[in-house]
Amino acid sequence: LKWWRFWPRKESVSTPDWINGQAYALHVPFTFLFVLLLWLEAIKSRDIQHTADVLLICLTTTALGGKVINIWKYAHVAQGILSEWSTWDLFELRSKQEVDMWRFEHRRFNRVFMFYCLCSAGVIPFIVIQPLFDIPNRLPFWMWTPFDWQQPVLFWYAFIYQATTIPIACACNVTMDAVNWYLMLHLSLCLRMLGQRLSKLQHDDKDLREKFLELIHLHQRLKQLAQDLPGFAAMMQYLVAMIMQVMLPTIYGNAVIDSANMLTDSMYNSDWPDMNCRMRRQVLMFMVYLNRPVTLKAGGFFHIGLPLFTKTMNQAYSLLALL
């Protein structure tokens, strides 16, 4: 993220960094200019089929531009969340079970992320190299240029620009997607850790009340973080990459929902029957409070979970069948 100028240059910043000249120098001539040239080509096109071909990549890159602006605005929030998870005593792993769970899920996330990187990067050679074998040569993507790029000499200027921009856009997309997935994964693990600690409460513990209140505080903090997070061959490979781009956020978002829903069972599995009357009342109040679900929302409208993925795929197929 720092390499692509998506992460704050300083530690513990509280506001967006809108004066990052290096970020503008990288993304204005590549990301945003590329989006502009694609839209100009789509607007100037007189052929409906040609316009559709241009819009296929134009809408995708426009979404990328939106994500770039969004991460510039909210990167300091993600930085603060990761710093809090790394330094607060509440989030410190306290048992071998918690450590093993963390290691297993992080190893699995690494494999998923590497597979996604390979799928995304595997598309680039087909996009960039294949047009060179066409006669006459054509660009990987149609875009407007102030000169006639179909001229043999001028063609290479436009081609080199796209051959540079496409890998940059791919790398930026992958890294921005991954940080959102990881934040959701980490939040779901924190909720599972909370459930394990709730289920281990014992009535004869001297510090029972203090530990219980600490876990309630941890749960409240996790709910606050859950509200902060949303504010932050070739065709087969392309299809897999696009499906993963939609599916993975819903998988990790669903993990947050499932982990939060298991907290009630974890609390019930604790040693609450043998606790004193005051503690049982507090446990009951907390279990009633846990009935309020912890969910992530996209833009404040859609719940991020597997039902959203299945609904998206169903509507996409319906549109394809209609076309």
# chains A, B, ... in the order shown; residues from 1 in each chain; ligands from 1

$ residues_around --residues "segment 281-293 of chain A" --least-positions-apart "4" --cutoff "10 Å" --atoms "only C-alpha atoms" --output "PyMOL selection string"
chain A and resi 209+212-213+216+219+223+257-258+260-268+270+272+275-277

$ write_last_selection --atoms "N, CA, C and O atoms" --output "PDB file, in the first residue's frame"
ATOM      1  N   ARG A 209     -16.056 -10.722  37.832  1.00  0.00           N
ATOM      2  CA  ARG A 209     -16.780  -9.534  37.390  1.00  0.00           C
ATOM      3  C   ARG A 209     -15.898  -8.637  36.527  1.00  0.00           C
ATOM      4  O   ARG A 209     -16.346  -8.110  35.506  1.00  0.00           O
ATOM      5  N   PHE A 212     -15.515 -10.177  33.126  1.00  0.00           N
ATOM      6  CA  PHE A 212     -16.759 -10.091  32.361  1.00  0.00           C
ATOM      7  C   PHE A 212     -16.955  -8.681  31.809  1.00  0.00           C
ATOM      8  O   PHE A 212     -17.309  -8.502  30.637  1.00  0.00           O
ATOM      9  N   LEU A 213     -16.719  -7.673  32.622  1.00  0.00           N
ATOM     10  CA  LEU A 213     -16.850  -6.291  32.166  1.00  0.00           C
ATOM     11  C   LEU A 213     -15.818  -5.968  31.077  1.00  0.00           C
ATOM     12  O   LEU A 213     -16.100  -5.206  30.148  1.00  0.00           O
ATOM     13  N   ILE A 216     -17.178  -7.334  27.901  1.00  0.00           N
ATOM     14  CA  ILE A 216     -18.248  -6.474  27.384  1.00  0.00           C
ATOM     15  C   ILE A 216     -17.650  -5.257  26.690  1.00  0.00           C
ATOM     16  O   ILE A 216     -18.101  -4.855  25.603  1.00  0.00           O
ATOM     17  N   HIS A 219     -16.380  -6.281  23.346  1.00  0.00           N
ATOM     18  CA  HIS A 219     -17.460  -6.445  22.380  1.00  0.00           C
ATOM     19  C   HIS A 219     -17.952  -5.093  21.867  1.00  0.00           C
ATOM     20  O   HIS A 219     -18.196  -4.918  20.663  1.00  0.00           O
ATOM     21  N   LYS A 223     -17.881  -3.750  17.945  1.00  0.00           N
ATOM     22  CA  LYS A 223     -19.055  -3.243  17.223  1.00  0.00           C
ATOM     23  C   LYS A 223     -18.769  -1.868  16.626  1.00  0.00           C
ATOM     24  O   LYS A 223     -19.192  -1.562  15.512  1.00  0.00           O
ATOM     25  N   ILE A 257     -20.371 -11.915  10.647  1.00  0.00           N
ATOM     26  CA  ILE A 257     -21.745 -12.160  11.107  1.00  0.00           C
ATOM     27  C   ILE A 257     -21.829 -13.465  11.890  1.00  0.00           C
ATOM     28  O   ILE A 257     -22.410 -13.522  12.983  1.00  0.00           O
ATOM     29  N   ASP A 258     -21.235 -14.541  11.354  1.00  0.00           N
ATOM     30  CA  ASP A 258     -21.289 -15.844  12.030  1.00  0.00           C
ATOM     31  C   ASP A 258     -20.576 -15.803  13.374  1.00  0.00           C
ATOM     32  O   ASP A 258     -21.068 -16.362  14.373  1.00  0.00           O
ATOM     33  N   ALA A 260     -20.097 -13.234  15.301  1.00  0.00           N
ATOM     34  CA  ALA A 260     -20.897 -12.443  16.247  1.00  0.00           C
ATOM     35  C   ALA A 260     -22.112 -13.230  16.729  1.00  0.00           C
ATOM     36  O   ALA A 260     -22.484 -13.152  17.910  1.00  0.00           O
ATOM     37  N   ASN A 261     -22.735 -14.001  15.832  1.00  0.00           N
ATOM     38  CA  ASN A 261     -23.917 -14.769  16.220  1.00  0.00           C
ATOM     39  C   ASN A 261     -23.583 -15.894  17.200  1.00  0.00           C
ATOM     40  O   ASN A 261     -24.461 -16.337  17.955  1.00  0.00           O
ATOM     41  N   MET A 262     -22.353 -16.377  17.197  1.00  0.00           N
ATOM     42  CA  MET A 262     -21.961 -17.456  18.111  1.00  0.00           C
ATOM     43  C   MET A 262     -21.659 -16.969  19.512  1.00  0.00           C
ATOM     44  O   MET A 262     -21.445 -17.772  20.417  1.00  0.00           O
ATOM     45  N   LEU A 263     -21.605 -15.642  19.728  1.00  0.00           N
ATOM     46  CA  LEU A 263     -21.268 -15.125  21.048  1.00  0.00           C
ATOM     47  C   LEU A 263     -22.317 -15.501  22.093  1.00  0.00           C
ATOM     48  O   LEU A 263     -21.979 -15.765  23.253  1.00  0.00           O
ATOM     49  N   THR A 264     -23.593 -15.535  21.703  1.00  0.00           N
ATOM     50  CA  THR A 264     -24.651 -15.901  22.648  1.00  0.00           C
ATOM     51  C   THR A 264     -24.456 -17.332  23.144  1.00  0.00           C
ATOM     52  O   THR A 264     -24.563 -17.610  24.350  1.00  0.00           O
ATOM     53  N   ASP A 265     -24.166 -18.261  22.221  1.00  0.00           N
ATOM     54  CA  ASP A 265     -23.908 -19.653  22.620  1.00  0.00           C
ATOM     55  C   ASP A 265     -22.666 -19.747  23.505  1.00  0.00           C
ATOM     56  O   ASP A 265     -22.635 -20.531  24.468  1.00  0.00           O
ATOM     57  N   SER A 266     -21.636 -18.974  23.159  1.00  0.00           N
ATOM     58  CA  SER A 266     -20.418 -19.012  23.972  1.00  0.00           C
ATOM     59  C   SER A 266     -20.689 -18.521  25.385  1.00  0.00           C
ATOM     60  O   SER A 266     -20.190 -19.092  26.355  1.00  0.00           O
ATOM     61  N   MET A 267     -21.488 -17.474  25.503  1.00  0.00           N
ATOM     62  CA  MET A 267     -21.838 -16.963  26.828  1.00  0.00           C
ATOM     63  C   MET A 267     -22.661 -17.986  27.601  1.00  0.00           C
ATOM     64  O   MET A 267     -22.465 -18.199  28.801  1.00  0.00           O
ATOM     65  N   TYR A 268     -23.581 -18.677  26.901  1.00  0.00           N
ATOM     66  CA  TYR A 268     -24.418 -19.683  27.559  1.00  0.00           C
ATOM     67  C   TYR A 268     -23.588 -20.881  28.023  1.00  0.00           C
ATOM     68  O   TYR A 268     -23.929 -21.527  29.021  1.00  0.00           O
ATOM     69  N   SER A 270     -20.727 -20.795  29.313  1.00  0.00           N
ATOM     70  CA  SER A 270     -19.874 -20.469  30.455  1.00  0.00           C
ATOM     71  C   SER A 270     -20.452 -21.069  31.741  1.00  0.00           C
ATOM     72  O   SER A 270     -21.513 -21.700  31.732  1.00  0.00           O
ATOM     73  N   TRP A 272     -22.179 -19.934  34.055  1.00  0.00           N
ATOM     74  CA  TRP A 272     -23.101 -18.948  34.630  1.00  0.00           C
ATOM     75  C   TRP A 272     -24.088 -19.512  35.668  1.00  0.00           C
ATOM     76  O   TRP A 272     -24.499 -18.778  36.580  1.00  0.00           O
ATOM     77  N   MET A 275     -22.833 -18.895  39.153  1.00  0.00           N
ATOM     78  CA  MET A 275     -22.443 -17.539  39.541  1.00  0.00           C
ATOM     79  C   MET A 275     -23.458 -16.966  40.521  1.00  0.00           C
ATOM     80  O   MET A 275     -24.584 -17.462  40.641  1.00  0.00           O
ATOM     81  N   ASN A 276     -23.083 -15.889  41.197  1.00  0.00           N
ATOM     82  CA  ASN A 276     -24.009 -15.277  42.145  1.00  0.00           C
ATOM     83  C   ASN A 276     -25.123 -14.554  41.398  1.00  0.00           C
ATOM     84  O   ASN A 276     -25.079 -14.379  40.179  1.00  0.00           O
ATOM     85  N   CYS A 277     -26.120 -14.133  42.131  1.00  0.00           N
ATOM     86  CA  CYS A 277     -27.332 -13.561  41.519  1.00  0.00           C
ATOM     87  C   CYS A 277     -27.017 -12.299  40.720  1.00  0.00           C
ATOM     88  O   CYS A 277     -27.547 -12.091  39.622  1.00  0.00           O
TER      89      CYS A 277
END

$ residues_around --residues "segment 127-138 of chain A" --least-positions-apart "2" --cutoff "10 Å" --atoms "only C-alpha atoms" --output "mmCIF file with C-alpha atoms, in the first residue's frame"
data_model
loop_
_atom_site.group_PDB
_atom_site.id
_atom_site.type_symbol
_atom_site.label_atom_id
_atom_site.label_comp_id
_atom_site.auth_asym_id
_atom_site.auth_seq_id
_atom_site.Cartn_x
_atom_site.Cartn_y
_atom_site.Cartn_z
ATOM 1 C CA GLY A 122 -2.205 -13.996 -15.235
ATOM 2 C CA VAL A 123 -4.642 -11.911 -17.260
ATOM 3 C CA ILE A 124 -2.064 -9.195 -18.029
ATOM 4 C CA PRO A 125 0.138 -11.092 -20.545
ATOM 5 C CA PRO A 140 -5.204 -3.781 -25.608
ATOM 6 C CA PHE A 141 -8.129 -1.433 -24.871
ATOM 7 C CA TRP A 142 -9.728 1.166 -27.090
ATOM 8 C CA TRP A 149 -2.459 5.811 -32.907
ATOM 9 C CA GLN A 150 -3.105 3.504 -35.874
ATOM 10 C CA GLN A 151 -0.111 5.047 -37.612
ATOM 11 C CA PRO A 152 2.832 2.572 -37.244
ATOM 12 C CA PHE A 155 1.060 3.254 -32.246
ATOM 13 C CA TRP A 156 3.963 2.481 -29.916
ATOM 14 C CA ALA A 158 -0.158 4.565 -27.008
ATOM 15 C CA PHE A 159 0.775 0.907 -26.594
ATOM 16 C CA ILE A 160 3.629 1.599 -24.146
ATOM 17 C CA GLN A 162 -1.296 1.083 -21.807
ATOM 18 C CA ALA A 163 1.329 -1.610 -21.186
ATOM 19 C CA THR A 164 2.504 0.494 -18.222
ATOM 20 C CA ILE A 166 -2.572 -1.907 -16.982
ATOM 21 C CA PRO A 167 -0.140 -3.591 -14.502
ATOM 22 C CA ALA A 234 -7.502 -15.096 -20.381
ATOM 23 C CA MET A 235 -11.304 -14.877 -20.292
#

$ atom_distance --atom1 "atom CA of Ala255 of chain A" --atom2 "atom CA of Thr295 of chain A"
9.8 Å

$ residues_around --residues "segment 30-33 of chain A" --least-positions-apart "2" --cutoff "10 Å" --atoms "only C-alpha atoms" --output "list in words"
Tyr24, Ala25, Leu26, His27, Val28, Val35, Leu36, Leu37, Leu38, Trp39, Thr61, Thr62, Leu64, Gly65, Gly66, Val68, Tyr161, Gln162, Thr164, Thr165, Ile166, Ile168, Ala169 and Cys172 of chain A

$ atom_distance --atom1 "atom CA of Leu248 of chain A" --atom2 "atom CA of Phe109 of chain A"
10.4 Å

$ select_by_dssp --residues "segment 178-270 of chain A" --states "alpha helix (DSSP H)" --output "VMD selection string"
chain A and resid 178 to 199 208 to 228 234 to 261 263 to 268

$ residues_around --residues "Ile251 of chain A" --least-positions-apart "2" --cutoff "9 Å" --atoms "only C-alpha atoms" --output "list in words"
Trp181, Met247, Leu248, Pro249, Gly253, Asn254, Ala255, Val256, Ile304, Gly305, Leu306 and Phe309 of chain A

$ closest_residue --among "A:Gln227, A:Val294, A:Val99, A:Cys119" --to "Leu191 of chain A" --atoms "only C-alpha atoms"
A:Val294

$ atom_distance --atom1 "atom CA of Tyr317 of chain A" --atom2 "atom CA of Leu40 of chain A"
29.0 Å
